[in-house]
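Engineer: Below is my_file.txt; it holds compact mmCIF, C-alpha atoms and all ligand atoms.
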```txt
# COMPACT_ATOMS: atom_id res chain seq x y z
CA MET F 71 -9.13 -0.32 8.11
CA LYS F 72 -10.98 0.01 11.36
CA GLN F 73 -14.32 1.57 12.18
CA PHE F 74 -14.44 4.97 13.79
CA HIS F 75 -17.01 6.67 16.00
CA CYS F 76 -18.16 10.21 16.51
CA THR F 77 -18.34 11.68 20.00
CA CYS F 78 -22.14 11.23 19.63
CA GLY F 79 -21.59 7.49 19.14
CA ASN F 80 -22.45 7.41 15.43
CA LEU F 81 -20.39 5.27 13.06
CA LEU F 82 -17.78 7.19 11.04
CA PHE F 83 -15.52 6.07 8.23
CA PHE F 84 -11.91 6.92 7.38
CA ASP F 85 -13.03 9.38 4.68
CA SER F 86 -15.81 11.00 6.76
CA VAL F 87 -15.86 14.79 6.95
CA THR F 88 -19.21 15.24 8.72
CA CYS F 89 -21.16 13.14 11.19
CA LEU F 90 -24.51 12.39 9.58
CA ARG F 91 -26.23 12.14 12.97
CA CYS F 92 -25.02 15.17 14.96
CA GLY F 93 -23.76 17.30 12.07
CA GLN F 94 -20.32 17.94 13.54
CA ASN F 95 -17.43 18.39 11.13
CA VAL F 96 -14.93 15.63 11.80
CA GLY F 97 -11.44 14.67 10.68
CA TYR F 98 -8.80 12.00 11.20
CA ASP F 99 -6.13 12.29 13.88
CA ALA F 100 -3.20 10.25 12.49
CA VAL F 101 -1.33 10.20 15.81
CA ALA F 102 -4.16 8.67 17.81
CA ASP F 103 -5.66 6.78 14.82
CA LEU F 104 -9.17 8.06 15.48
CA MET F 105 -11.73 10.50 14.16
CA ARG F 106 -12.29 13.72 16.11
CA PRO F 107 -14.61 16.71 15.86
CA ILE F 108 -12.83 19.73 14.32
CA SER F 109 -12.60 21.75 17.51
CA GLN F 110 -11.37 20.56 20.89
CA GLY F 111 -7.78 21.57 20.11
CA PHE F 112 -7.66 20.27 16.52
CA ARG F 113 -7.94 21.95 13.14
CA LEU F 114 -8.29 20.70 9.60
CA CYS F 115 -5.28 20.39 7.26
CA ALA F 116 -4.86 23.41 4.97
CA ASN F 117 -5.50 21.22 1.91
CA GLY F 118 -8.88 20.39 3.46
CA VAL F 119 -9.71 24.01 4.25
CA GLY F 120 -8.43 25.46 0.97
CA HIS F 121 -9.24 22.73 -1.55
CA GLY F 122 -11.50 20.17 0.16
CA VAL F 123 -9.06 17.35 -0.62
CA CYS F 124 -8.01 16.29 2.89
CA ASN F 125 -9.77 15.27 6.11
CA TRP F 126 -6.72 14.86 8.34
CA LEU F 127 -6.25 16.99 11.44
CA LEU F 128 -3.42 18.82 13.15
CA PRO F 129 -3.21 19.97 16.76
CA ALA F 130 -4.49 23.55 16.88
CA SER F 131 -1.11 24.56 18.32
CA SER F 132 0.84 23.08 15.37
CA ARG F 133 3.12 25.50 13.57
CA THR F 134 2.64 23.73 10.23
CA GLU F 135 -0.39 24.08 7.99
CA LEU F 136 -0.35 20.65 6.37
CA CYS F 137 -1.12 17.23 7.86
CA ALA F 138 1.22 14.22 8.04
CA SER F 139 0.08 13.10 4.58
CA CYS F 140 -0.06 16.42 2.71
CA ARG F 141 3.30 17.62 4.06
CA LEU F 142 4.94 14.81 2.06
CA ASN F 143 3.83 16.43 -1.22
CA ARG F 144 6.66 18.13 -3.06
CA THR F 145 4.65 18.82 -6.20
CA ILE F 146 0.89 19.02 -6.53
CA PRO F 147 -1.05 19.19 -9.80
CA ASP F 148 -1.76 22.40 -11.66
CA LEU F 149 -5.10 23.39 -10.11
CA GLY F 150 -5.64 26.00 -12.86
CA HIS F 151 -6.68 23.09 -15.08
CA PRO F 152 -10.28 22.36 -13.94
CA PRO F 153 -10.43 18.51 -13.92
CA ASN F 154 -7.25 18.29 -11.87
CA LEU F 155 -8.84 19.19 -8.53
CA GLY F 156 -11.18 16.18 -8.69
CA TYR F 157 -8.39 13.82 -9.73
CA TRP F 158 -6.09 15.19 -7.04
CA SER F 159 -8.78 14.64 -4.40
CA ILE F 160 -9.14 10.97 -5.42
CA THR F 161 -5.34 10.59 -5.41
CA GLU F 162 -4.94 12.09 -1.93
CA ALA F 163 -7.66 9.80 -0.54
CA ALA F 164 -5.74 6.73 -1.76
CA LYS F 165 -2.49 8.16 -0.41
CA ARG F 166 -3.96 8.73 3.07
CA ARG F 167 -5.32 5.20 3.22
CA HIS F 168 -1.90 3.88 2.24
CA LEU F 169 -0.02 6.08 4.71
CA ARG F 170 -2.27 5.01 7.56
CA THR F 171 -1.11 1.42 7.03
CA LEU F 172 2.55 2.52 7.19
CA LEU F 173 1.83 4.54 10.33
CA CYS F 174 0.08 1.52 11.92
CA LEU F 175 3.30 -0.40 11.25
CA ARG F 176 5.15 2.43 13.09
CA ILE F 177 7.23 3.27 10.01
CA PRO F 178 8.46 6.85 10.47
CA LEU F 179 7.58 9.12 7.55
CA PRO F 180 9.82 12.21 7.57
CA THR F 181 9.80 14.45 4.54
CA LEU F 182 12.73 14.25 2.13
CA ALA F 183 13.66 17.84 3.04
CA GLU F 184 13.81 16.96 6.75
CA ASP F 185 15.69 13.71 6.32
CA PRO F 186 17.51 13.16 3.01
CA GLN F 187 18.44 9.60 4.09
CA ASN F 188 15.01 8.25 5.06
CA GLY F 189 12.60 10.94 3.91
CA LEU F 190 9.88 10.74 1.32
CA ALA F 191 8.44 13.23 -1.18
CA TYR F 192 5.53 12.88 -3.57
CA ASP F 193 5.34 14.53 -6.96
CA ILE F 194 1.72 14.23 -8.09
CA VAL F 195 1.81 15.40 -11.67
CA SER F 196 -0.03 15.13 -14.97
CA THR F 197 2.07 12.76 -17.08
CA SER F 198 -0.04 13.38 -20.17
CA ARG F 199 0.82 17.08 -20.00
CA ASP F 200 4.46 16.26 -19.31
CA PRO F 201 5.17 12.91 -21.04
CA ALA F 202 8.79 12.94 -19.81
CA LEU F 203 7.42 11.98 -16.36
CA THR F 204 6.14 8.53 -15.37
CA THR F 205 4.87 6.91 -12.19
CA GLY F 206 7.88 5.57 -10.34
CA TYR F 207 10.40 5.92 -7.55
CA LEU F 208 13.82 7.56 -7.46
CA ARG F 209 15.89 8.39 -4.36
CA GLY F 210 13.12 9.29 -1.96
CA VAL F 211 10.74 10.74 -4.55
CA ILE F 212 7.56 8.96 -5.59
CA THR F 213 6.14 10.32 -8.83
CA LEU F 214 2.47 9.53 -9.29
CA SER F 215 0.63 10.18 -12.51
CA LEU F 216 -2.51 12.22 -11.84
CA GLU F 217 -4.20 10.43 -14.77
CA GLU F 218 -4.28 7.24 -12.65
CA ALA F 219 -7.27 8.85 -10.90
CA ASP F 220 -9.18 8.76 -14.20
CA ASP F 221 -10.98 5.39 -14.30
CA THR F 222 -11.03 5.18 -18.10
CA TRP F 223 -7.34 6.02 -18.48
CA ARG F 224 -6.40 3.55 -15.75
CA GLN F 225 -8.52 0.70 -17.16
CA ILE F 226 -7.11 1.19 -20.66
CA ASN F 227 -3.59 0.98 -19.25
CA ARG F 228 -4.50 -2.02 -17.11
CA GLN F 229 -5.69 -3.87 -20.20
CA LEU F 230 -2.75 -2.77 -22.36
CA LEU F 231 -0.33 -4.03 -19.71
CA GLY F 232 -2.33 -7.24 -19.06
CA GLU F 233 -2.67 -6.51 -15.33
CA ALA F 234 -5.22 -8.35 -13.16
CA SER F 235 -5.79 -5.23 -11.10
CA ARG F 236 -4.69 -1.59 -11.22
CA THR F 237 -5.62 0.88 -8.50
CA LEU F 238 -4.25 4.13 -7.13
CA LEU F 239 -3.87 2.50 -3.74
CA GLY F 240 -1.89 -0.28 -5.39
CA HIS F 241 0.44 2.30 -6.98
CA PHE F 242 1.11 3.97 -3.64
CA ARG F 243 1.81 0.61 -2.03
CA HIS F 244 4.07 -0.52 -4.87
CA GLU F 245 6.19 2.64 -4.91
CA SER F 246 6.52 2.57 -1.12
CA GLY F 247 8.02 -0.89 -1.60
CA HIS F 248 10.91 0.67 -3.55
CA HIS F 249 11.30 3.34 -0.88
CA ILE F 250 11.35 0.84 2.00
CA TRP F 251 13.79 -1.38 0.10
CA GLU F 252 16.15 1.58 -0.25
CA ARG F 253 15.81 2.41 3.45
CA VAL F 254 16.63 -1.13 4.54
CA PHE F 255 18.69 -3.32 2.23
CA PRO F 256 21.50 -1.30 0.59
CA ARG F 257 22.62 -0.10 4.04
CA LEU F 258 23.29 -3.63 5.23
CA ASP F 259 26.56 -5.39 4.74
CA TRP F 260 26.45 -8.05 2.01
CA ALA F 261 26.88 -10.77 4.63
CA HIS F 262 24.03 -9.45 6.80
CA PRO F 263 21.41 -12.19 7.31
CA LEU F 264 18.58 -9.95 6.08
CA ARG F 265 20.43 -9.06 2.91
CA GLN F 266 21.27 -12.73 2.36
CA ALA F 267 17.61 -13.60 2.96
CA PHE F 268 16.55 -11.14 0.26
CA PHE F 269 19.01 -12.73 -2.15
CA GLU F 270 17.71 -16.19 -1.31
CA VAL F 271 14.01 -15.32 -1.62
CA PHE F 272 13.93 -12.68 -4.38
CA GLY F 273 17.15 -13.39 -6.30
CA ASP F 274 20.03 -11.25 -7.49
CA HIS F 275 18.94 -7.61 -7.67
CA THR F 276 22.28 -6.56 -9.19
CA ILE F 277 21.22 -7.82 -12.65
CA ASP F 278 20.80 -4.90 -15.03
CA TYR F 279 17.46 -3.25 -14.32
CA ALA F 280 16.89 -1.43 -17.63
CA SER F 281 17.55 -4.49 -19.79
CA ALA F 282 15.45 -6.69 -17.47
CA LEU F 283 12.47 -4.35 -17.94
CA GLN F 284 13.05 -4.15 -21.68
CA ARG F 285 13.04 -7.95 -21.85
CA HIS F 286 9.83 -8.07 -19.80
CA TYR F 287 8.00 -5.63 -22.08
CA ARG F 288 9.28 -7.45 -25.17
CA GLN F 289 8.69 -11.08 -24.11
CA GLY F 290 6.22 -10.89 -21.22
CA ALA F 291 6.36 -13.06 -18.11
CA PRO F 292 7.79 -16.61 -18.29
CA GLN F 293 5.38 -19.54 -18.63
CA GLY F 294 3.94 -20.61 -15.29
CA TRP F 295 4.96 -17.34 -13.57
CA GLN F 296 1.91 -17.67 -11.28
CA GLN F 297 3.73 -20.25 -9.17
CA ASN F 298 6.58 -17.88 -8.36
CA TYR F 299 5.28 -14.31 -8.66
CA ILE F 300 2.27 -12.43 -7.34
CA SER F 301 1.93 -10.63 -10.70
CA ALA F 302 3.38 -10.93 -14.18
CA TYR F 303 5.23 -7.64 -13.68
CA ALA F 304 6.92 -9.02 -10.55
CA SER F 305 8.83 -11.44 -12.78
CA SER F 306 10.63 -8.56 -14.53
CA HIS F 307 13.34 -7.91 -11.88
CA PRO F 308 13.91 -8.71 -8.15
CA TRP F 309 13.28 -5.03 -7.30
CA GLU F 310 9.87 -5.17 -8.97
CA ASP F 311 9.18 -8.56 -7.40
CA TRP F 312 9.88 -7.03 -4.00
CA ALA F 313 7.72 -3.94 -4.69
CA GLU F 314 4.82 -6.08 -5.95
CA THR F 315 5.14 -8.45 -2.98
CA TRP F 316 5.35 -5.55 -0.52
CA ALA F 317 2.28 -3.93 -2.10
CA HIS F 318 0.43 -7.22 -1.87
CA TYR F 319 1.45 -7.69 1.75
CA LEU F 320 0.04 -4.23 2.59
CA GLN F 321 -3.14 -5.06 0.67
CA ILE F 322 -3.68 -8.21 2.73
CA PHE F 323 -2.70 -6.40 5.95
CA ASP F 324 -5.30 -3.67 5.37
CA SER F 325 -8.02 -5.99 4.02
CA PHE F 326 -7.56 -8.46 6.86
CA GLU F 327 -7.86 -5.66 9.43
CA THR F 328 -11.04 -4.45 7.71
CA CYS F 329 -12.62 -7.92 7.84
CA GLN F 330 -11.62 -8.40 11.46
CA ASN F 331 -13.02 -5.06 12.55
CA LEU F 332 -16.29 -5.86 10.83
CA GLY F 333 -16.45 -9.17 12.70
CA ILE F 334 -15.80 -11.30 9.59
CA ARG F 335 -13.46 -14.07 10.65
CA GLY F 336 -11.91 -16.75 8.44
CA GLY F 337 -12.68 -19.39 11.06
CA SER F 338 -16.40 -18.57 11.09
CA LEU F 339 -16.79 -19.04 7.32
CA ASP F 340 -18.26 -22.25 5.98
CA LEU F 341 -15.20 -22.89 3.80
CA PRO F 342 -12.39 -25.43 4.13
CA LEU F 343 -8.97 -23.96 4.91
CA VAL F 344 -6.56 -23.91 1.95
CA ILE F 345 -3.53 -25.56 3.53
CA LEU F 346 -0.15 -24.02 2.80
CA PRO F 347 2.92 -26.01 3.89
CA LEU F 348 4.16 -24.54 7.18
CA GLU F 349 7.75 -24.41 5.86
CA SER F 350 6.63 -22.04 3.06
CA CYS F 351 5.80 -19.46 5.76
CA ALA F 352 9.16 -19.71 7.52
CA LEU F 353 11.90 -17.11 7.14
CA PRO F 354 15.16 -18.27 5.53
CA GLN F 355 17.22 -20.18 8.09
CA ASN F 356 19.99 -17.58 8.38
CA LEU F 357 17.47 -15.06 9.75
CA ALA F 358 16.74 -15.60 13.41
CA SER F 359 13.02 -16.19 13.70
CA SER F 360 10.88 -17.82 16.32
CA GLN F 361 8.79 -20.74 15.24
CA GLU F 362 5.90 -19.00 16.97
CA ALA F 363 6.18 -16.05 14.55
CA ASP F 364 6.24 -18.38 11.54
CA VAL F 365 3.22 -20.32 12.84
CA SER F 366 1.24 -17.15 13.47
CA PHE F 367 2.06 -15.78 9.99
CA HIS F 368 1.05 -19.14 8.50
CA ALA F 369 -2.30 -19.06 10.30
CA TRP F 370 -2.86 -15.42 9.28
CA LEU F 371 -2.18 -16.13 5.61
CA GLN F 372 -4.39 -19.22 5.55
CA ARG F 373 -7.23 -17.27 7.15
CA TRP F 374 -6.73 -14.54 4.56
CA ILE F 375 -7.01 -17.04 1.67
CA CYS F 376 -10.30 -18.17 3.19
CA LEU F 377 -11.58 -14.57 3.43
CA ALA F 378 -10.43 -13.89 -0.16
CA THR F 379 -12.38 -16.91 -1.40
CA MET F 380 -15.47 -15.52 0.29
CA LEU F 381 -14.92 -12.05 -1.26
CA ASN F 382 -14.47 -13.63 -4.70
CA GLU F 383 -17.68 -15.61 -4.38
CA VAL F 384 -19.64 -12.50 -3.38
CA THR F 385 -18.29 -10.50 -6.34
CA ARG F 386 -19.27 -13.38 -8.66
CA SER F 387 -22.81 -12.96 -7.36
CA PHE F 388 -22.63 -9.32 -8.47
CA GLY F 389 -21.64 -10.48 -11.96
CA SER F 390 -18.24 -8.84 -11.48
CA PRO F 391 -14.81 -10.34 -12.09
CA PHE F 392 -12.93 -11.78 -9.11
CA LEU F 393 -12.23 -9.10 -6.53
CA TYR F 394 -9.05 -10.96 -5.56
CA PRO F 395 -7.49 -12.32 -8.78
CA TYR F 396 -4.38 -13.76 -7.10
CA ILE F 397 -2.97 -17.15 -6.15
CA ILE F 398 -0.81 -17.53 -3.06
CA SER F 399 1.57 -20.38 -3.93
CA PRO F 400 4.09 -21.68 -1.36
CA VAL F 401 6.87 -19.65 -3.09
CA ILE F 402 4.79 -16.47 -2.91
CA ALA F 403 3.95 -17.21 0.76
CA GLY F 404 7.71 -17.26 1.45
CA LYS F 405 8.10 -13.86 -0.23
CA LEU F 406 5.19 -12.41 1.75
CA ARG F 407 6.81 -13.78 4.92
CA LEU F 408 9.94 -11.71 4.27
CA ALA F 409 7.81 -8.62 3.52
CA HIS F 410 5.99 -9.22 6.83
CA HIS F 411 9.35 -9.38 8.63
CA VAL F 412 10.57 -6.12 7.06
CA ALA F 413 7.23 -4.38 7.69
CA HIS F 414 7.65 -5.00 11.42
CA LEU F 415 11.29 -3.88 11.70
CA TRP F 416 10.23 -0.51 13.15
CA GLU F 417 7.91 -1.88 15.82
ZN ZN F 501 -21.83 12.70 15.64
ZN ZN F 502 -3.75 16.93 4.59
ZN ZN F 503 8.28 -0.58 -9.44
```
As structure tokens - that is how I would like this structure written.
Structural biologist:
Amino acid sequence: MKQFHCTCGNLLFFDSVTCLRCGQNVGYDAVADLMRPISQGFRLCANGVGHGVCNWLLPASSRTELCASCRLNRTIPDLGHPPNLGYWSITEAAKRRHLRTLLCLRIPLPTLAEDPQNGLAYDIVSTSRDPALTTGYLRGVITLSLEEADDTWRQINRQLLGEASRTLLGHFRHESGHHIWERVFPRLDWAHPLRQAFFEVFGDHTIDYASALQRHYRQGAPQGWQQNYISAYASSHPWEDWAETWAHYLQIFDSFETCQNLGIRGGSLDLPLVILPLESCALPQNLASSQEADVSFHAWLQRWICLATMLNEVTRSFGSPFLYPYIISPVIAGKLRLAHHVAHLWE
């Protein structure tokens, strides 16, 4: 995330709705990636005006009422049930932060109704009121459980599932991994170098998904999974490995940008660099890649590990658990490299 500024020069943040210095109401312009006063040819998204859950803007001349994020919603929670508005607001904030990353990567985000091939729709629903629904992805539709916005509910589930971390933002990133996979890989010929690269790095995704998940929930992750997977869940099936890796790539991408924009650089920290083998950050050989791109990814990832060490040390000083409870092994670096390649296909 970057820092934003008001027309008066004051610092603004991605979630800002008012400038605390000049008092102007402000919102986020997703096309220009900046904060603007609500005036000067821009108006607030209808979900901001009507429900106070969105701070994104539209051009005043726009014929639609909803912003680039809210227009992707196919189902929103039942607002007749009082706690839902607060949970929905938290959910939308995580969704906007996630979508900004995809927009920065120039990934087009049409709605499913506009483009049944590449489009996306969100169903944000209470899964405790309708237990037949679960958070997940199916053919362009991301279902997100509204209860994930409830800290207690989410932490209980995190502990029950033995997860190191569980956040709304992480859910959005994970499910977008399934969506991006569907937009890219099944459309390629089997012999296509990118499809072959997926097979080489993530394994055979044609193994039965339902029985793989059943096995995972019955037996857990294999011993020593940390060397090969970014999370225990990633070991369940190549599709989940991809989605977890993609989510992790977006997490590093956003966090790294945040550090950089705040002037925190890996090189300026008084920490030794954790050296990853350069070959672990190279794309599979059948994919044409410049050595320059591999070297720059390698440097980026090593700098990130340095920044993550710093963040972990600071959170230990707060008496909190590690903020970044992950290990980037050479195998995982190779997976992140492929996610990096796919993330930049639209640029
Ligand atoms: Zn201002
Ligand atoms: Zn909106
Ligand atoms: Zn998944």
Engineer: So which one's closest to Ser338 in chain F, F:Ser132, F:Pro107, F:Arg373, F:Thr222? Using all atoms listed in the file, please.
Structural biologist: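 When distances to Ser338 in chain F are compared using all atoms listed in the file, the smallest one comes from F:Arg373.
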Engineer: Which residues form the shell of 9 Å around ligand ZN 503 (chain F) when you count only C-alpha atoms and all ligand atoms, given as a list in words?
Structural biologist: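 The residues near ligand ZN 503 (chain F) are Thr205, Gly206, Tyr207, His241, His244, Glu245, Gly247, His248, Tyr303, Ala304, Trp309, Glu310, Asp311, Trp312, Ala313 and Glu314 of chain F.
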Engineer: Could you build a table of the residues in chain F lying no more than 9 Å from ligand ZN 501 (chain F), giving for each the nearest pair of atoms and their separation in Å rounded to one decimal place, using all atoms listed in the file, ordered by chain and ascending residue number, as a Markdown table?
Structural biologist:
```
| residue | atom | partner | partner_atom | distance |
| --- | --- | --- | --- | --- |
| F:His75 | CA | F:ZN501 | ZN | 7.7 |
| F:Cys76 | CA | F:ZN501 | ZN | 4.5 |
| F:Thr77 | CA | F:ZN501 | ZN | 5.7 |
| F:Cys78 | CA | F:ZN501 | ZN | 4.3 |
| F:Gly79 | CA | F:ZN501 | ZN | 6.3 |
| F:Asn80 | CA | F:ZN501 | ZN | 5.3 |
| F:Leu81 | CA | F:ZN501 | ZN | 8.0 |
| F:Leu82 | CA | F:ZN501 | ZN | 8.2 |
| F:Thr88 | CA | F:ZN501 | ZN | 7.8 |
| F:Cys89 | CA | F:ZN501 | ZN | 4.5 |
| F:Leu90 | CA | F:ZN501 | ZN | 6.6 |
| F:Arg91 | CA | F:ZN501 | ZN | 5.2 |
| F:Cys92 | CA | F:ZN501 | ZN | 4.1 |
| F:Gly93 | CA | F:ZN501 | ZN | 6.1 |
| F:Gln94 | CA | F:ZN501 | ZN | 5.8 |
| F:Asn95 | CA | F:ZN501 | ZN | 8.5 |
| F:Val96 | CA | F:ZN501 | ZN | 8.4 |
| F:Pro107 | CA | F:ZN501 | ZN | 8.3 |
```
Engineer: Around ligand ZN 502 (chain F), which protein and nucleic acid residues have at least one atom no more than 7 Å from it, if we count all atoms listed in the file? List them as a VMD selection string.
Structural biologist: chain F and resid 115 to 118 124 to 126 136 to 140
Engineer: In terms of the shortest atom-to-atom distance over all atoms listed in the file, which of F:His307, F:Arg209, F:His151, F:His368 is closest to Ile250 in chain F?
Structural biologist: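 That would be F:Arg209, the residue with the smallest distance to Ile250 in chain F.
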Engineer: If you count only C-alpha atoms, which residues fall within 7 Å of Phe83 in chain F, apart from same-chain ones fewer than 2 positions away, as a PyMOL selection string?
Structural biologist: chain F and resi 73-74+81+85-86
Engineer: Write the selection just made, keeping C-alpha atoms, as a PDB file, in the coordinates of the input?
Structural biologist:
```pdb
ATOM      1  CA  GLN F  73     -14.320   1.570  12.180  1.00  0.00           C
ATOM      2  CA  PHE F  74     -14.440   4.970  13.790  1.00  0.00           C
ATOM      3  CA  LEU F  81     -20.390   5.270  13.060  1.00  0.00           C
ATOM      4  CA  ASP F  85     -13.030   9.380   4.680  1.00  0.00           C
ATOM      5  CA  SER F  86     -15.810  11.000   6.760  1.00  0.00           C
TER       6      SER F  86
END
```
Engineer: Give me the residues of range 157-203 of chain F that have any atom at most 12 Å from an atom of range 325-336 of chain F; for each, the nearest atom pair and the distance in Å, rounded to one decimal. Use all atoms listed in the file, sort by chain and number, and format it as CSV.
Structural biologist:
```
residue,atom,partner,partner_atom,distance
F:Arg167,CA,F:Ser325,CA,11.5
F:His168,CA,F:Ser325,CA,11.7
F:Thr171,CA,F:Glu327,CA,10.1
F:Cys174,CA,F:Glu327,CA,11.0
```
Engineer: With all atoms listed in the file as the atoms that count, which of F:Cys376, F:Leu238, F:Leu408, F:Val101 lies nearest to Gln355 in chain F?
Structural biologist: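 Distance minimum relative to Gln355 in chain F lands on F:Leu408.
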Engineer: Skipping near chain neighbours, those fewer than 4 positions away, what residues fall within 10 Å of Ser305 in chain F using all atoms listed in the file, listed as a PyMOL selection string?
Structural biologist: chain F and resi 272+282-283+286+290-292+295-296+298-301+309-312+314
Engineer: Between CA of Thr181 in chain F and CA of Leu142 in chain F, what distance in Å does the model show, to one decimal?
Structural biologist: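 Separation between CA of Thr181 in chain F and CA of Leu142 in chain F: 5.5 Å.
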Engineer: Should you be able to, write range 287-329 of chain F of this structure into a file that contains C-alpha atoms, as an mmCIF file, in the first residue's frame.
Structural biologist:
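Full text of decode-v4.cif as output:
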```cif
data_model
loop_
_atom_site.group_PDB
_atom_site.id
_atom_site.type_symbol
_atom_site.label_atom_id
_atom_site.label_comp_id
_atom_site.auth_asym_id
_atom_site.auth_seq_id
_atom_site.Cartn_x
_atom_site.Cartn_y
_atom_site.Cartn_z
ATOM 1 C CA TYR F 287 -8.776 -33.285 6.945
ATOM 2 C CA ARG F 288 -8.415 -36.885 8.141
ATOM 3 C CA GLN F 289 -4.608 -37.174 8.263
ATOM 4 C CA GLY F 290 -3.321 -33.589 8.262
ATOM 5 C CA ALA F 291 -0.263 -32.393 6.365
ATOM 6 C CA PRO F 292 2.679 -34.761 5.746
ATOM 7 C CA GLN F 293 5.685 -34.601 8.083
ATOM 8 C CA GLY F 294 8.099 -31.832 7.126
ATOM 9 C CA TRP F 295 5.523 -30.054 4.928
ATOM 10 C CA GLN F 296 7.169 -26.716 5.807
ATOM 11 C CA GLN F 297 9.957 -27.407 3.314
ATOM 12 C CA ASN F 298 7.547 -27.733 0.398
ATOM 13 C CA TYR F 299 4.401 -25.760 1.229
ATOM 14 C CA ILE F 300 3.675 -22.257 2.478
ATOM 15 C CA SER F 301 0.899 -23.644 4.722
ATOM 16 C CA ALA F 302 -0.311 -27.040 5.889
ATOM 17 C CA TYR F 303 -3.488 -26.603 3.839
ATOM 18 C CA ALA F 304 -1.421 -26.055 0.685
ATOM 19 C CA SER F 305 -0.323 -29.690 0.906
ATOM 20 C CA SER F 306 -3.900 -30.912 0.376
ATOM 21 C CA HIS F 307 -4.052 -30.559 -3.451
ATOM 22 C CA PRO F 308 -2.109 -28.681 -6.198
ATOM 23 C CA TRP F 309 -5.081 -26.301 -6.630
ATOM 24 C CA GLU F 310 -4.933 -25.355 -2.955
ATOM 25 C CA ASP F 311 -1.145 -25.149 -3.105
ATOM 26 C CA TRP F 312 -1.478 -22.691 -5.978
ATOM 27 C CA ALA F 313 -4.178 -20.636 -4.198
ATOM 28 C CA GLU F 314 -2.135 -20.489 -0.976
ATOM 29 C CA THR F 315 1.030 -19.575 -2.891
ATOM 30 C CA TRP F 316 -0.808 -16.927 -4.927
ATOM 31 C CA ALA F 317 -2.302 -15.459 -1.736
ATOM 32 C CA HIS F 318 1.130 -15.403 -0.159
ATOM 33 C CA TYR F 319 2.646 -13.760 -3.214
ATOM 34 C CA LEU F 320 0.016 -10.981 -3.027
ATOM 35 C CA GLN F 321 0.671 -10.616 0.703
ATOM 36 C CA ILE F 322 4.390 -10.082 0.099
ATOM 37 C CA PHE F 323 3.680 -7.807 -2.896
ATOM 38 C CA ASP F 324 1.428 -5.534 -0.810
ATOM 39 C CA SER F 325 3.581 -5.634 2.348
ATOM 40 C CA PHE F 326 6.763 -4.932 0.410
ATOM 41 C CA GLU F 327 5.149 -1.931 -1.286
ATOM 42 C CA THR F 328 3.996 -0.651 2.114
ATOM 43 C CA CYS F 329 7.514 -0.899 3.573
#
```
